[in-house]
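File shown here: upload.csv, holding CSV, C-alpha atoms.
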chain,number,residue,atom,x,y,z
H,1258,MET,CA,35.6,95.1,95.2
H,1259,SER,CA,36.9,92.7,92.5
H,1260,GLU,CA,35.4,89.3,91.8
H,1261,GLN,CA,38.5,87.6,93.4
H,1262,GLU,CA,38.2,89.8,96.5
H,1263,ARG,CA,34.5,89.0,96.8
H,1264,ILE,CA,35.1,85.3,96.5
H,1265,LEU,CA,37.9,85.5,99.1
H,1266,SER,CA,35.7,87.5,101.5
H,1267,GLU,CA,32.9,84.9,101.2
H,1268,ASP,CA,35.4,82.0,101.7
H,1269,LEU,CA,36.8,83.7,104.8
H,1270,SER,CA,33.3,84.4,106.2
H,1271,LEU,CA,32.2,80.8,105.6
H,1272,LEU,CA,35.3,79.3,107.2
H,1273,GLY,CA,34.8,81.7,110.2
H,1274,ARG,CA,31.3,80.4,110.6
H,1275,VAL,CA,32.4,76.8,110.3
H,1276,ALA,CA,34.9,77.5,113.1
H,1277,GLN,CA,31.9,78.5,115.3
H,1278,GLY,CA,30.2,75.2,114.5
H,1279,ASP,CA,27.7,76.6,112.0
H,1280,GLN,CA,26.4,73.5,110.1
H,1281,GLN,CA,24.7,75.5,107.3
H,1282,ALA,CA,28.0,77.3,106.6
H,1283,PHE,CA,29.7,73.9,106.5
H,1284,ARG,CA,27.3,72.6,104.0
H,1285,LEU,CA,27.8,75.8,101.9
H,1286,LEU,CA,31.5,75.4,102.1
H,1287,TYR,CA,31.2,71.8,100.9
H,1288,GLU,CA,29.1,72.8,97.9
H,1289,ARG,CA,31.6,75.5,97.1
H,1290,PHE,CA,34.8,73.4,97.3
H,1291,ALA,CA,33.6,69.8,96.5
H,1292,ASP,CA,34.4,69.9,92.8
H,1293,ARG,CA,37.7,71.7,93.3
H,1294,VAL,CA,39.0,69.4,96.1
H,1295,PHE,CA,37.8,66.3,94.1
H,1296,ARG,CA,39.5,67.4,90.9
H,1297,PHE,CA,42.8,68.3,92.6
H,1298,ALA,CA,42.7,65.0,94.5
H,1299,LEU,CA,42.0,63.2,91.3
H,1300,SER,CA,45.1,64.7,89.7
H,1301,THR,CA,47.1,63.0,92.4
H,1302,VAL,CA,45.3,59.7,93.3
H,1303,ARG,CA,44.0,59.0,89.7
H,1304,ALA,CA,40.9,57.1,90.8
H,1305,PRO,CA,37.5,58.7,91.4
H,1306,HIS,CA,36.6,56.6,94.5
H,1307,LEU,CA,39.9,57.6,96.1
H,1308,ALA,CA,39.4,61.2,95.1
H,1309,GLU,CA,36.0,61.1,96.8
H,1310,GLU,CA,37.6,59.6,99.9
H,1311,VAL,CA,40.0,62.5,99.9
H,1312,LEU,CA,37.2,65.0,99.6
H,1313,GLN,CA,35.3,63.3,102.4
H,1314,GLU,CA,38.3,63.3,104.8
H,1315,THR,CA,39.3,66.9,103.8
H,1316,MET,CA,35.8,68.1,104.8
H,1317,ILE,CA,36.0,66.3,108.1
H,1318,VAL,CA,39.4,67.9,108.8
H,1319,ILE,CA,38.0,71.3,107.9
H,1320,TRP,CA,35.0,70.8,110.3
H,1321,LYS,CA,37.4,69.8,113.2
H,1322,LYS,CA,40.2,72.2,112.4
H,1323,ALA,CA,38.6,75.3,111.1
H,1324,LYS,CA,39.4,77.1,114.3
H,1325,THR,CA,43.1,76.6,113.6
H,1326,PHE,CA,43.0,78.6,110.3
H,1327,LYS,CA,45.0,81.7,111.0
H,1328,GLY,CA,44.4,83.5,107.8
H,1329,ASN,CA,48.1,83.4,106.7
H,1330,SER,CA,46.9,82.1,103.3
H,1331,LYS,CA,43.7,82.0,101.3
H,1332,PRO,CA,41.1,79.5,102.6
H,1333,SER,CA,41.3,77.7,99.2
H,1334,THR,CA,45.1,77.3,99.6
H,1335,TRP,CA,44.6,76.0,103.1
H,1336,ILE,CA,41.9,73.6,102.0
H,1337,LEU,CA,43.8,72.3,99.0
H,1338,GLY,CA,46.9,71.8,101.2
H,1339,ILE,CA,44.9,69.6,103.5
H,1340,ALA,CA,43.6,67.7,100.5
H,1341,ARG,CA,47.1,67.2,99.2
H,1342,ASN,CA,48.4,65.7,102.4
H,1343,LEU,CA,45.4,63.4,102.7
H,1344,ALA,CA,45.8,62.3,99.0
H,1345,LEU,CA,49.5,61.5,99.6
H,1346,ASN,CA,48.7,59.5,102.7
H,1347,LEU,CA,46.1,57.6,100.8
H,1348,LEU,CA,48.5,56.9,98.0
H,1349,ARG,CA,51.1,55.6,100.4
H,1350,LYS,CA,48.5,53.2,101.9
H,1351,GLU,CA,47.5,52.1,98.4
H,1352,LYS,CA,51.1,51.4,97.5
H,1353,LYS,CA,51.7,49.4,100.7
H,1354,GLY,CA,48.7,47.3,99.7
H,1355,ASP,CA,46.8,48.2,102.8
H,1356,ARG,CA,43.6,48.8,100.8
H,1357,LEU,CA,41.8,46.8,98.2
H,1358,PRO,CA,41.8,48.4,94.7
H,1359,GLU,CA,38.5,49.6,93.3
H,1360,GLU,CA,37.6,51.4,90.1
H,1361,LYS,CA,40.5,53.0,88.2
H,1362,LEU,CA,40.3,56.1,86.2
H,1363,VAL,CA,39.4,54.9,82.8
H,1364,SER,CA,38.5,56.9,79.7
H,1365,ASP,CA,35.4,55.8,77.8
H,1366,PRO,CA,35.8,56.8,74.2
H,1367,SER,CA,32.0,56.6,73.7
H,1368,LYS,CA,31.4,59.2,76.3
H,1369,GLN,CA,34.4,61.5,76.0
H,1370,ALA,CA,35.8,63.4,73.1
H,1371,GLU,CA,38.8,61.9,71.6
H,1372,MET,CA,40.9,64.8,72.7
H,1373,SER,CA,39.9,64.3,76.3
H,1374,VAL,CA,41.1,60.7,76.2
H,1375,HIS,CA,44.3,61.9,74.6
H,1376,VAL,CA,44.8,64.6,77.4
H,1377,GLU,CA,44.1,62.0,80.1
H,1378,ARG,CA,46.6,59.6,78.6
H,1379,ALA,CA,49.2,62.4,78.4
H,1380,LEU,CA,48.6,63.6,82.0
H,1381,SER,CA,48.7,60.0,83.3
H,1382,LYS,CA,52.3,59.7,82.0
H,1383,LEU,CA,53.5,62.7,84.1
H,1384,PRO,CA,55.1,62.1,87.5
H,1385,ASP,CA,52.6,62.8,90.3
H,1386,ALA,CA,54.6,65.9,91.4
H,1387,HIS,CA,54.4,67.4,87.9
H,1388,ARG,CA,50.7,66.6,87.4
H,1389,GLU,CA,49.6,68.4,90.6
H,1390,VAL,CA,51.6,71.5,89.6
H,1391,VAL,CA,49.9,71.5,86.2
H,1392,HIS,CA,46.5,71.2,87.9
H,1393,LEU,CA,47.1,74.0,90.4
H,1394,VAL,CA,48.5,76.4,87.7
H,1395,TYR,CA,46.2,75.7,84.8
H,1396,TYR,CA,42.9,74.7,86.5
H,1397,GLU,CA,43.1,76.4,89.8
H,1398,GLU,CA,44.9,79.3,88.3
H,1399,MET,CA,47.2,79.8,91.3
H,1400,ASN,CA,50.1,82.2,91.2
H,1401,LEU,CA,53.6,80.9,92.0
H,1402,ARG,CA,53.4,81.7,95.7
H,1403,GLU,CA,50.0,80.0,96.2
H,1404,ALA,CA,51.1,76.9,94.3
H,1405,ALA,CA,54.3,76.8,96.4
H,1406,GLU,CA,52.3,77.1,99.6
H,1407,VAL,CA,49.9,74.2,98.7
H,1408,LEU,CA,52.8,71.9,97.7
H,1409,GLY,CA,55.2,73.0,100.5
H,1410,ILE,CA,58.0,73.6,98.0
H,1411,PRO,CA,60.0,76.7,97.0
H,1412,GLU,CA,58.6,78.9,94.1
H,1413,GLY,CA,61.7,78.0,92.0
H,1414,THR,CA,60.8,74.3,92.2
H,1415,VAL,CA,57.2,75.1,91.2
H,1416,LYS,CA,58.6,76.9,88.1
H,1417,SER,CA,61.0,74.2,87.1
H,1418,ARG,CA,58.4,71.4,87.7
H,1419,MET,CA,55.9,73.3,85.6
H,1420,HIS,CA,58.5,73.8,82.9
H,1421,HIS,CA,59.4,70.1,82.7
H,1422,ALA,CA,55.8,69.1,82.9
H,1423,ARG,CA,54.9,71.4,80.0
H,1424,LYS,CA,57.6,70.0,77.8
H,1425,ALA,CA,56.7,66.4,78.6
H,1426,LEU,CA,53.0,67.1,78.0
H,1427,ALA,CA,53.6,68.8,74.7
H,1428,LYS,CA,55.6,65.8,73.6
H,1429,GLU,CA,52.9,63.4,74.6
H,1430,LEU,CA,50.1,65.5,73.1
H,1431,ALA,CA,51.9,65.7,69.8
H,1432,THR,CA,52.0,61.9,69.3
T,1073,MET,CA,66.1,91.8,81.5
T,1074,MET,CA,64.9,88.2,81.4
T,1075,THR,CA,66.2,85.6,79.0
T,1076,CYS,CA,64.1,83.5,76.7
T,1077,GLU,CA,64.3,80.6,79.2
T,1078,GLN,CA,63.2,82.8,82.1
T,1079,ILE,CA,60.3,84.1,80.0
T,1080,GLN,CA,59.2,80.7,79.0
T,1081,GLU,CA,59.2,79.4,82.6
T,1082,LEU,CA,56.8,82.2,83.5
T,1083,LEU,CA,54.5,81.8,80.5
T,1084,PRO,CA,51.9,79.5,82.3
T,1085,TRP,CA,51.3,82.3,84.8
T,1086,TYR,CA,51.2,84.9,82.1
T,1087,VAL,CA,48.6,82.9,80.2
T,1088,THR,CA,46.4,82.7,83.4
T,1089,GLY,CA,47.0,86.3,84.3
T,1090,ARG,CA,48.3,85.3,87.7
T,1091,ILE,CA,51.6,87.2,87.5
T,1092,GLY,CA,52.9,90.5,88.7
T,1093,LEU,CA,52.4,93.6,86.6
T,1094,ASP,CA,56.2,94.2,86.1
T,1095,ASP,CA,56.8,90.6,84.9
T,1096,ALA,CA,53.7,90.7,82.7
T,1097,SER,CA,54.8,93.9,80.9
T,1098,GLU,CA,58.3,92.6,80.4
T,1099,ILE,CA,56.9,89.4,78.9
T,1100,ALA,CA,54.5,91.3,76.7
T,1101,LYS,CA,57.4,93.4,75.4
T,1102,HIS,CA,59.6,90.4,74.8
T,1103,LEU,CA,56.8,88.5,73.0
T,1104,SER,CA,56.4,91.3,70.5
T,1105,THR,CA,59.9,90.6,69.2
T,1106,CYS,CA,60.7,86.9,69.9
T,1107,ALA,CA,59.3,84.3,67.6
T,1108,ALA,CA,60.5,81.4,69.7
T,1109,CYS,CA,58.7,82.7,72.8
T,1110,GLN,CA,55.6,83.5,70.8
T,1111,ALA,CA,55.4,79.9,69.7
T,1112,ASP,CA,55.9,78.8,73.3
T,1113,PHE,CA,53.2,81.2,74.4
T,1114,VAL,CA,50.7,79.7,71.9
T,1115,GLU,CA,51.6,76.2,73.2
T,1116,ALA,CA,51.2,77.3,76.8
T,1117,ALA,CA,47.7,78.8,76.1
T,1118,TRP,CA,46.6,75.8,74.1
T,1119,MET,CA,47.8,73.4,76.9
T,1120,ARG,CA,46.0,75.4,79.5
T,1121,ARG,CA,42.7,75.2,77.7
T,1122,LEU,CA,43.1,71.4,77.3
T,1123,VAL,CA,44.1,70.7,80.9
T,1124,ALA,CA,41.5,73.0,82.5
T,1125,GLY,CA,38.8,71.6,80.2
T,1126,HIS,CA,39.8,68.1,81.1
T,1127,ALA,CA,39.8,68.7,84.8
T,1128,ALA,CA,36.4,70.4,84.7
T,1129,SER,CA,34.9,67.3,83.1
T,1130,SER,CA,35.0,65.2,86.2
T,1131,SER,CA,32.9,65.7,89.4
T,1132,PRO,CA,32.4,63.7,92.6
T,1133,ALA,CA,29.2,62.0,93.7
T,1134,LYS,CA,28.3,65.0,95.8
T,1135,GLN,CA,25.3,63.9,97.7
T,1136,ARG,CA,26.8,60.5,98.5
T,1137,THR,CA,30.0,62.0,99.7
T,1138,TRP,CA,28.2,64.7,101.7
T,1139,SER,CA,26.1,61.9,103.5
T,1140,ARG,CA,29.4,60.3,104.5
T,1141,VAL,CA,30.8,63.6,105.7
T,1142,ALA,CA,27.7,64.4,107.6
T,1143,GLY,CA,27.6,60.9,109.2
T,1144,LYS,CA,31.2,61.1,110.3
T,1145,THR,CA,30.9,64.6,111.8
T,1146,GLY,CA,27.6,63.9,113.6
T,1147,LEU,CA,25.6,66.2,111.4
T,1148,THR,CA,23.1,63.7,110.2
T,1149,ASP,CA,20.2,62.0,111.9
T,1150,LEU,CA,19.5,58.2,111.7
T,1151,ALA,CA,16.1,58.8,113.2
T,1152,ARG,CA,14.1,61.8,114.3
T,1153,ILE,CA,10.6,62.4,115.6
T,1154,ASP,CA,8.9,65.7,116.1
T,1155,ILE,CA,5.5,65.9,117.8
T,1156,GLY,CA,3.4,68.9,118.9
T,1157,SER,CA,3.1,72.3,117.4
T,1158,PHE,CA,5.4,75.3,116.9
T,1159,LEU,CA,4.5,76.5,120.5
T,1160,VAL,CA,4.7,73.3,122.5
T,1161,GLY,CA,6.3,70.1,121.3
T,1162,LEU,CA,9.0,67.5,121.7
T,1163,ASN,CA,11.8,66.6,119.3
T,1164,LEU,CA,13.9,63.4,119.8
T,1165,GLY,CA,16.6,62.1,117.5
T,1166,VAL,CA,19.6,59.8,117.1
T,1167,SER,CA,22.6,61.1,115.2
T,1168,ALA,CA,25.4,59.2,113.6
T,1169,ALA,CA,28.9,60.1,114.4
T,1170,SER,CA,32.2,58.3,114.2
T,1171,LYS,CA,32.0,55.3,116.5
T,1172,ARG,CA,28.9,56.6,118.4
T,1173,TYR,CA,25.2,57.3,118.1
T,1174,PRO,CA,24.4,60.3,120.2
T,1175,VAL,CA,20.8,60.8,121.3
T,1176,TYR,CA,19.4,64.3,121.5
T,1177,GLY,CA,16.1,65.7,122.6
T,1178,THR,CA,14.6,69.1,122.9
T,1179,LEU,CA,11.4,70.3,124.5
T,1180,ARG,CA,9.7,73.2,122.8
T,1181,VAL,CA,7.8,75.6,125.0
T,1182,MET,CA,6.3,78.8,123.6
T,1183,GLY,CA,8.7,78.6,120.6
T,1184,HIS,CA,11.8,78.2,122.7
T,1185,ASN,CA,13.9,75.0,122.6
T,1186,VAL,CA,15.2,73.5,125.8
T,1187,ARG,CA,17.6,70.6,125.4
T,1188,VAL,CA,16.5,67.7,127.6
T,1189,VAL,CA,18.5,64.8,126.3
T,1190,GLY,CA,22.1,64.7,125.2
T,1191,ARG,CA,23.3,67.9,126.8
T,1192,ARG,CA,26.8,68.8,125.7
T,1193,LYS,CA,29.5,70.6,127.6
T,1194,LYS,CA,29.3,74.3,127.6
T,1195,GLY,CA,31.0,75.8,124.5
T,1196,LYS,CA,30.4,72.7,122.5
T,1197,GLU,CA,26.7,73.3,121.9
T,1198,ARG,CA,25.8,73.3,118.2
T,1199,LYS,CA,22.6,74.5,116.7
T,1200,HIS,CA,20.5,71.7,115.2
T,1201,VAL,CA,19.8,72.6,111.6
T,1202,GLN,CA,17.2,70.8,109.5
T,1203,GLN,CA,19.1,69.2,106.5

Let me see whether you can do it: turn the structure in this file into structure tokens.
Amino acid sequence: MSEQERILSEDLSLLGRVAQGDQQAFRLLYERFADRVFRFALSTVRAPHLAEEVLQETMIVIWKKAKTFKGNSKPSTWILGIARNLALNLLRKEKKGDRLPEEKLVSDPSKQAEMSVHVERALSKLPDAHREVVHLVYYEEMNLREAAEVLGIPEGTVKSRMHHARKALAKELAT
Amino acid sequence: MMTCEQIQELLPWYVTGRIGLDDASEIAKHLSTCAACQADFVEAAWMRRLVAGHAASSSPAKQRTWSRVAGKTGLTDLARIDIGSFLVGLNLGVSAASKRYPVYGTLRVMGHNVRVVGRRKKGKERKHVQQ
């Protein structure tokens, strides 16, 4: 069994146990996905407190809806898809002014390497739709089909968004 | 046979290894002879390293977020008392769930737990796990 197959098998097992109401499995699933959900949410909402809120709500949805997971996709694809929907809902509320703004994602030059600040600035200039594709492909290392499933768009659109995002990022990073 | 543009569109997946074998071998063959695509490949790999490294540098406040999740799903206790021994005892607690504070209690007799307060409907029983 390859490493990827082992991880998939463990994810499926944990999600199955969560569907049965197993609290320990839920905690383990949280530990396993907290960073990934938070980082993906951060690529969309751009503020740590909002990304934590997305993580929190995603886990609540998983606890309530684990039984509805049919296994048509990987658990990680399903979970990140939930996170994306919640992140977009949160952004809509933010834009409508329904919520008070809190901390924004700021780069502290004293704590981060200069290049990290540069990358953050370049990423922040991308449209949301392009930034989330870049995250899924480069950080989550999803293939075309998986990224298309999470985003709910055709594979061709994923390809073209990634292509445009890469060109824009290269231009920003070169300045 | 793929064009340079098609090859370059697939390079991010070639860089991460998340691409089919047929496409990967065609890209590898193309890269061995095309300087423009070689340059794009180097850029794609460099960008991947920067983006993945940047994403990995941020983390949530895990314990704080878990406490909120546990509170909203009724998996946390606001108060709990446990008296007696392993064989005979009483366990009473108040949980925190969204918009309610369910009380539960179990009587322990000879190591077996019998729920005496906060009985849930059949099929909705959940094991109480010490956090």

Rounded to one decimal in Å, what is the spacing between CA of Trp1335 (chain H) and CA of Phe1295 (chain H)?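 Going from CA of Trp1335 (chain H) over to CA of Phe1295 (chain H) covers 14.9 Å.
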
Mind listing as a list in words which residues of chain H are within 6 Å of chain T, counting all atoms listed in the file?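 Residues of chain H within 6 Å of chain T, counting all atoms listed in the file: Asp1292, Gln1313, Tyr1395, Tyr1396, Asn1400 and His1420 of chain H.
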
Could you write out that same residue set with C-alpha atoms as a PDB file, in the frame of the given file?
ATOM      1  CA  ASP H1292      34.400  69.900  92.800  1.00  0.00           C
ATOM      2  CA  GLN H1313      35.300  63.300 102.400  1.00  0.00           C
ATOM      3  CA  TYR H1395      46.200  75.700  84.800  1.00  0.00           C
ATOM      4  CA  TYR H1396      42.900  74.700  86.500  1.00  0.00           C
ATOM      5  CA  ASN H1400      50.100  82.200  91.200  1.00  0.00           C
ATOM      6  CA  HIS H1420      58.500  73.800  82.900  1.00  0.00           C
TER       7      HIS H1420
END

Could you check how far CA of Asn1329 (chain H) sits from CA of Asn1342 (chain H), in Å to one decimal?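 Pair CA of Asn1329 (chain H) / CA of Asn1342 (chain H) returns 18.2 Å.
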
Which residue, H:Arg1274, H:His1392, H:Arg1341, H:Lys1428, has the smallest gap to Glu1314 (chain H) when you use only C-alpha atoms? H:Arg1341

Computed interatomic separation between CA of Ala1276 (chain H) and CA of Ala1323 (chain H) (Å):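 Calculated distance between CA of Ala1276 (chain H) and CA of Ala1323 (chain H) is 4.7 Å.
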